[in-house]
$ cat model-v9.txt   # compact mmCIF, C-alpha atoms
# COMPACT_ATOMS: atom_id res chain seq x y z
CA MET A 1 18.31 25.04 84.58
CA VAL A 2 16.66 21.70 83.96
CA GLN A 3 16.42 19.59 87.08
CA PRO A 4 17.74 16.02 87.04
CA LEU A 5 15.13 13.32 86.56
CA ASN A 6 14.16 10.96 89.33
CA ILE A 7 11.50 8.49 88.18
CA THR A 8 10.15 5.52 90.14
CA ASP A 9 7.38 3.01 89.58
CA SER A 10 6.43 -0.30 91.21
CA VAL A 11 4.38 -3.38 90.50
CA ARG A 12 3.42 -6.44 92.58
CA ILE A 13 4.42 -9.72 90.97
CA GLU A 14 3.15 -13.18 91.97
CA ALA A 15 6.64 -14.71 91.96
CA ALA A 16 9.55 -15.00 94.36
CA PRO A 17 12.14 -12.19 94.51
CA ASP A 18 14.94 -14.46 93.24
CA LYS A 19 12.90 -15.35 90.16
CA VAL A 20 12.15 -11.68 89.42
CA TRP A 21 15.81 -10.75 89.96
CA ASP A 22 16.93 -13.46 87.53
CA LEU A 23 14.77 -11.81 84.86
CA VAL A 24 15.79 -8.16 85.35
CA ALA A 25 19.48 -8.91 85.97
CA ASP A 26 19.84 -10.85 82.72
CA VAL A 27 20.69 -7.83 80.56
CA THR A 28 20.64 -10.00 77.44
CA ARG A 29 16.84 -10.15 77.92
CA MET A 30 16.35 -6.40 78.45
CA GLY A 31 15.10 -6.04 74.87
CA ALA A 32 12.10 -8.18 75.85
CA TRP A 33 11.17 -5.87 78.73
CA SER A 34 12.10 -2.33 77.69
CA PRO A 35 10.30 -0.41 74.94
CA GLU A 36 13.58 1.44 74.11
CA THR A 37 16.31 -1.13 74.64
CA THR A 38 16.42 -3.51 71.71
CA LYS A 39 19.28 -5.70 72.96
CA ALA A 40 22.21 -5.82 75.34
CA ARG A 41 25.37 -7.88 75.59
CA TRP A 42 28.10 -8.36 78.15
CA LEU A 43 31.46 -6.81 77.26
CA ALA A 44 35.03 -8.08 77.54
CA PRO A 45 37.50 -7.87 79.22
CA THR A 46 35.35 -8.61 82.26
CA GLY A 47 34.24 -11.82 80.60
CA ALA A 48 30.94 -11.43 82.41
CA ARG A 49 28.20 -13.78 81.42
CA ALA A 50 26.20 -13.08 84.55
CA PRO A 51 25.47 -9.94 86.56
CA ALA A 52 28.23 -8.96 88.99
CA VAL A 53 29.47 -5.66 90.38
CA GLY A 54 31.94 -4.15 87.91
CA ALA A 55 30.64 -6.09 84.90
CA ARG A 56 30.00 -3.95 81.84
CA PHE A 57 27.49 -4.31 79.05
CA ARG A 58 26.46 -2.47 75.92
CA GLY A 59 22.83 -1.74 75.22
CA ALA A 60 21.31 -0.86 71.85
CA ASN A 61 18.34 1.50 72.02
CA LYS A 62 15.70 2.85 69.69
CA ARG A 63 12.88 5.40 69.90
CA GLY A 64 11.16 6.08 66.59
CA ILE A 65 13.89 6.61 64.01
CA VAL A 66 16.51 7.53 66.62
CA ARG A 67 19.03 4.82 67.50
CA TRP A 68 21.86 4.95 70.03
CA SER A 69 23.96 2.68 72.18
CA THR A 70 25.26 2.97 75.72
CA THR A 71 27.90 1.22 77.78
CA CYS A 72 26.83 0.57 81.35
CA GLU A 73 28.49 -0.79 84.47
CA VAL A 74 26.81 -2.92 87.12
CA ILE A 75 27.08 -1.29 90.57
CA ALA A 76 24.81 -3.61 92.59
CA ALA A 77 23.97 -7.26 92.07
CA ASP A 78 22.37 -8.73 95.18
CA ARG A 79 20.23 -11.66 94.01
CA GLY A 80 16.62 -11.33 95.02
CA ARG A 81 17.11 -7.78 96.27
CA THR A 82 18.82 -5.26 93.96
CA PHE A 83 20.21 -4.99 90.47
CA SER A 84 21.61 -1.60 89.47
CA PHE A 85 23.78 -0.15 86.74
CA VAL A 86 25.06 3.26 85.72
CA ARG A 87 25.27 4.86 82.33
CA PRO A 88 27.96 7.55 82.21
CA GLY A 89 27.50 10.67 80.10
CA LEU A 90 27.89 14.40 79.71
CA ASP A 91 24.68 14.80 81.68
CA GLY A 92 26.41 13.23 84.67
CA GLY A 93 25.00 9.88 83.69
CA CYS A 94 22.15 8.07 85.30
CA GLU A 95 21.50 5.06 87.44
CA TRP A 96 18.90 2.43 86.66
CA ARG A 97 17.98 0.41 89.75
CA PHE A 98 15.63 -2.53 90.22
CA VAL A 99 14.65 -3.33 93.81
CA MET A 100 12.81 -6.51 94.76
CA GLU A 101 10.93 -6.64 98.07
CA ASP A 102 9.40 -9.85 99.40
CA ASP A 103 5.66 -9.43 99.83
CA GLY A 104 4.46 -12.67 101.39
CA GLY A 105 5.66 -14.98 98.62
CA ALA A 106 5.15 -12.34 95.95
CA THR A 107 7.50 -9.52 95.01
CA VAL A 108 7.13 -5.78 94.80
CA LEU A 109 9.42 -4.78 91.94
CA THR A 110 10.43 -1.13 91.88
CA GLU A 111 12.37 0.42 89.02
CA HIS A 112 14.19 3.71 89.62
CA MET A 113 15.87 5.95 87.08
CA VAL A 114 17.97 8.68 88.65
CA GLN A 115 19.78 11.26 86.54
CA ARG A 116 22.80 12.57 88.42
CA LYS A 117 22.48 16.16 87.23
CA GLY A 118 20.50 18.19 84.72
CA PRO A 119 21.86 17.98 81.18
CA PRO A 120 23.89 20.87 79.77
CA ALA A 121 22.02 23.34 77.52
CA PHE A 122 23.26 21.86 74.24
CA MET A 123 22.11 18.39 75.32
CA GLN A 124 18.68 19.79 76.18
CA VAL A 125 18.37 21.19 72.64
CA VAL A 126 19.57 17.96 71.03
CA GLY A 127 17.27 15.94 73.30
CA ARG A 128 14.22 17.99 72.26
CA LEU A 129 15.13 17.62 68.59
CA LEU A 130 15.54 13.85 68.89
CA PHE A 131 12.86 12.93 71.42
CA GLY A 132 10.43 15.85 71.49
CA SER A 133 9.31 17.79 74.52
CA GLN A 134 7.83 14.83 76.38
CA ARG A 135 11.03 12.90 77.23
CA GLU A 136 10.26 12.62 80.92
CA GLN A 137 6.83 11.14 80.18
CA GLN A 138 8.39 8.76 77.63
CA LEU A 139 10.75 7.52 80.35
CA ARG A 140 7.90 7.17 82.87
CA ASP A 141 5.85 5.19 80.35
CA GLY A 142 8.91 3.08 79.48
CA ILE A 143 9.51 2.16 83.11
CA ARG A 144 5.84 1.18 83.51
CA THR A 145 6.02 -0.95 80.35
CA THR A 146 9.26 -2.59 81.49
CA ILE A 147 8.00 -3.65 84.91
CA GLU A 148 4.65 -4.82 83.50
CA ARG A 149 6.49 -7.01 80.95
CA VAL A 150 8.70 -8.46 83.69
CA LYS A 151 5.55 -9.16 85.71
CA ALA A 152 3.92 -10.97 82.79
CA ALA A 153 7.03 -13.08 82.18
CA ALA A 154 7.53 -13.92 85.86
CA GLU A 155 3.91 -14.89 86.41
CA SER A 156 3.68 -17.02 83.26
CA ALA A 157 6.93 -18.96 83.71
CA PRO A 158 6.94 -22.20 85.70
CA ALA A 159 8.04 -21.84 89.34

$ encode --input "model-v9.txt" --output "structure tokens"
Amino acid sequence: MVQPLNITDSVRIEAAPDKVWDLVADVTRMGAWSPETTKARWLAPTGARAPAVGARFRGANKRGIVRWSTTCEVIAADRGRTFSFVRPGLDGGCEWRFVMEDDGGATVLTEHMVQRKGPPAFMQVVGRLLFGSQREQQLRDGIRTTIERVKAAAESAPA
């Protein structure tokens, strides 16, 4: 049985936690950070235009020629501290969590991806066909790219 994934990476950013949170919690900008997510938009009927617990959004994703979309729900939205959402699915879904920790005027941004359970056998086969055998490394690299892009944006934007 394939074990669920639990991937974490962190980066120190020379910006305040609230500023970093404003970047990662604006899902409409996720396409600028993530190498797989191309865009995201808030969904009705919540009418959300800003991150809040219970708000839902749809993300469009791409890796190579493979394209897919997901609908996610925000489960934590504590400005300057945590932004988290879940993606349901046959694999039990997964949680994506961004944690901001104050580090003397800077921020340590940590991104976590936690898969709730290992995918069923047929999803493992499909996953290998679509993404190859290195999916875990792709996700690790994607998290690193995402937090480095957030860092670059946060450190280049005016305070």

$ closest_atom_pairs --input "model-v9.txt" --of "stretch 68-90 of chain A" --to "stretch 112-116 of chain A" --cutoff "12 Å" --atoms "only C-alpha atoms" --output "tab-separated table"
residue	atom	partner	partner_atom	distance
A:Thr82	CA	A:His112	CA	11.0
A:Phe83	CA	A:His112	CA	10.6
A:Ser84	CA	A:His112	CA	9.1
A:Phe85	CA	A:Met113	CA	10.0
A:Val86	CA	A:Val114	CA	9.4
A:Arg87	CA	A:Gln115	CA	9.4
A:Pro88	CA	A:Arg116	CA	9.5
A:Gly89	CA	A:Arg116	CA	9.7
A:Leu90	CA	A:Arg116	CA	10.3

$ residues_around --input "model-v9.txt" --residues "A:Ala40" --least-positions-apart "2" --cutoff "6 Å" --atoms "all atoms listed in the file" --output "list in words"
Val27, Thr28, Arg58 and Gly59 of chain A

$ write_last_selection --input "model-v9.txt" --atoms "C-alpha atoms" --output "mmCIF file, in the frame of the given file"
data_model
loop_
_atom_site.group_PDB
_atom_site.id
_atom_site.type_symbol
_atom_site.label_atom_id
_atom_site.label_comp_id
_atom_site.auth_asym_id
_atom_site.auth_seq_id
_atom_site.Cartn_x
_atom_site.Cartn_y
_atom_site.Cartn_z
ATOM 1 C CA VAL A 27 20.690 -7.830 80.560
ATOM 2 C CA THR A 28 20.640 -10.000 77.440
ATOM 3 C CA ARG A 58 26.460 -2.470 75.920
ATOM 4 C CA GLY A 59 22.830 -1.740 75.220
#

$ residues_near_point --input "model-v9.txt" --point "(24.3, -12.0, 89.8)" --cutoff "12 Å" --atoms "all atoms listed in the file" --output "list of chain:residue names"
A:Asp18, A:Lys19, A:Trp21, A:Asp22, A:Leu23, A:Val24, A:Ala25, A:Asp26, A:Val27, A:Ala48, A:Arg49, A:Ala50, A:Pro51, A:Ala52, A:Val53, A:Gly54, A:Ala55, A:Val74, A:Ile75, A:Ala76, A:Ala77, A:Asp78, A:Arg79, A:Gly80, A:Arg81, A:Thr82, A:Phe83, A:Ser84

$ closest_residue --input "model-v9.txt" --among "A:Gly104, A:Gly93, A:Gly142, A:Pro17" --to "A:Thr37" --atoms "all atoms listed in the file"
A:Gly142

$ atom_distance --input "model-v9.txt" --atom1 "atom CA of A:Ile7" --atom2 "atom CA of A:Pro35"
16.0 Å

$ residues_around --input "model-v9.txt" --residues "A:Val150" --least-positions-apart "4" --cutoff "10 Å" --atoms "all atoms listed in the file" --output "ChimeraX atom specification"
/A:11,13,20-21,23-24,30,32-34,109,145-146,154-156

$ atom_distance --input "model-v9.txt" --atom1 "atom CA of A:Glu101" --atom2 "atom CA of A:Cys72"
24.2 Å

$ residues_around --input "model-v9.txt" --residues "A:Ser10" --least-positions-apart "4" --cutoff "12 Å" --atoms "all atoms listed in the file" --output "PDB file with C-alpha atoms, keeping the file's coordinate frame"
ATOM      1  CA  ARG A  97      17.980   0.410  89.750  1.00  0.00           C
ATOM      2  CA  PHE A  98      15.630  -2.530  90.220  1.00  0.00           C
ATOM      3  CA  VAL A  99      14.650  -3.330  93.810  1.00  0.00           C
ATOM      4  CA  MET A 100      12.810  -6.510  94.760  1.00  0.00           C
ATOM      5  CA  GLU A 101      10.930  -6.640  98.070  1.00  0.00           C
ATOM      6  CA  THR A 107       7.500  -9.520  95.010  1.00  0.00           C
ATOM      7  CA  VAL A 108       7.130  -5.780  94.800  1.00  0.00           C
ATOM      8  CA  LEU A 109       9.420  -4.780  91.940  1.00  0.00           C
ATOM      9  CA  THR A 110      10.430  -1.130  91.880  1.00  0.00           C
ATOM     10  CA  GLU A 111      12.370   0.420  89.020  1.00  0.00           C
ATOM     11  CA  HIS A 112      14.190   3.710  89.620  1.00  0.00           C
ATOM     12  CA  ARG A 140       7.900   7.170  82.870  1.00  0.00           C
ATOM     13  CA  ILE A 143       9.510   2.160  83.110  1.00  0.00           C
ATOM     14  CA  ARG A 144       5.840   1.180  83.510  1.00  0.00           C
ATOM     15  CA  THR A 145       6.020  -0.950  80.350  1.00  0.00           C
ATOM     16  CA  THR A 146       9.260  -2.590  81.490  1.00  0.00           C
ATOM     17  CA  ILE A 147       8.000  -3.650  84.910  1.00  0.00           C
ATOM     18  CA  GLU A 148       4.650  -4.820  83.500  1.00  0.00           C
ATOM     19  CA  VAL A 150       8.700  -8.460  83.690  1.00  0.00           C
ATOM     20  CA  LYS A 151       5.550  -9.160  85.710  1.00  0.00           C
TER      21      LYS A 151
END

$ atom_distance --input "model-v9.txt" --atom1 "atom CA of A:Trp96" --atom2 "atom CA of A:Ala16"
21.2 Å

$ closest_residue --input "model-v9.txt" --among "A:Arg67, A:Phe57, A:Arg12, A:Arg41" --to "A:Gly105" --atoms "all atoms listed in the file"
A:Arg12

$ axis_aligned_box --input "model-v9.txt" --around "stretch 83-96 of chain A" --padding-each-side "6 Å" --output "AutoDock Vina command-line options"
--center_x 23.4 --center_y 4.9 --center_z 85.1 --size_x 21.1 --size_y 31.8 --size_z 22.8
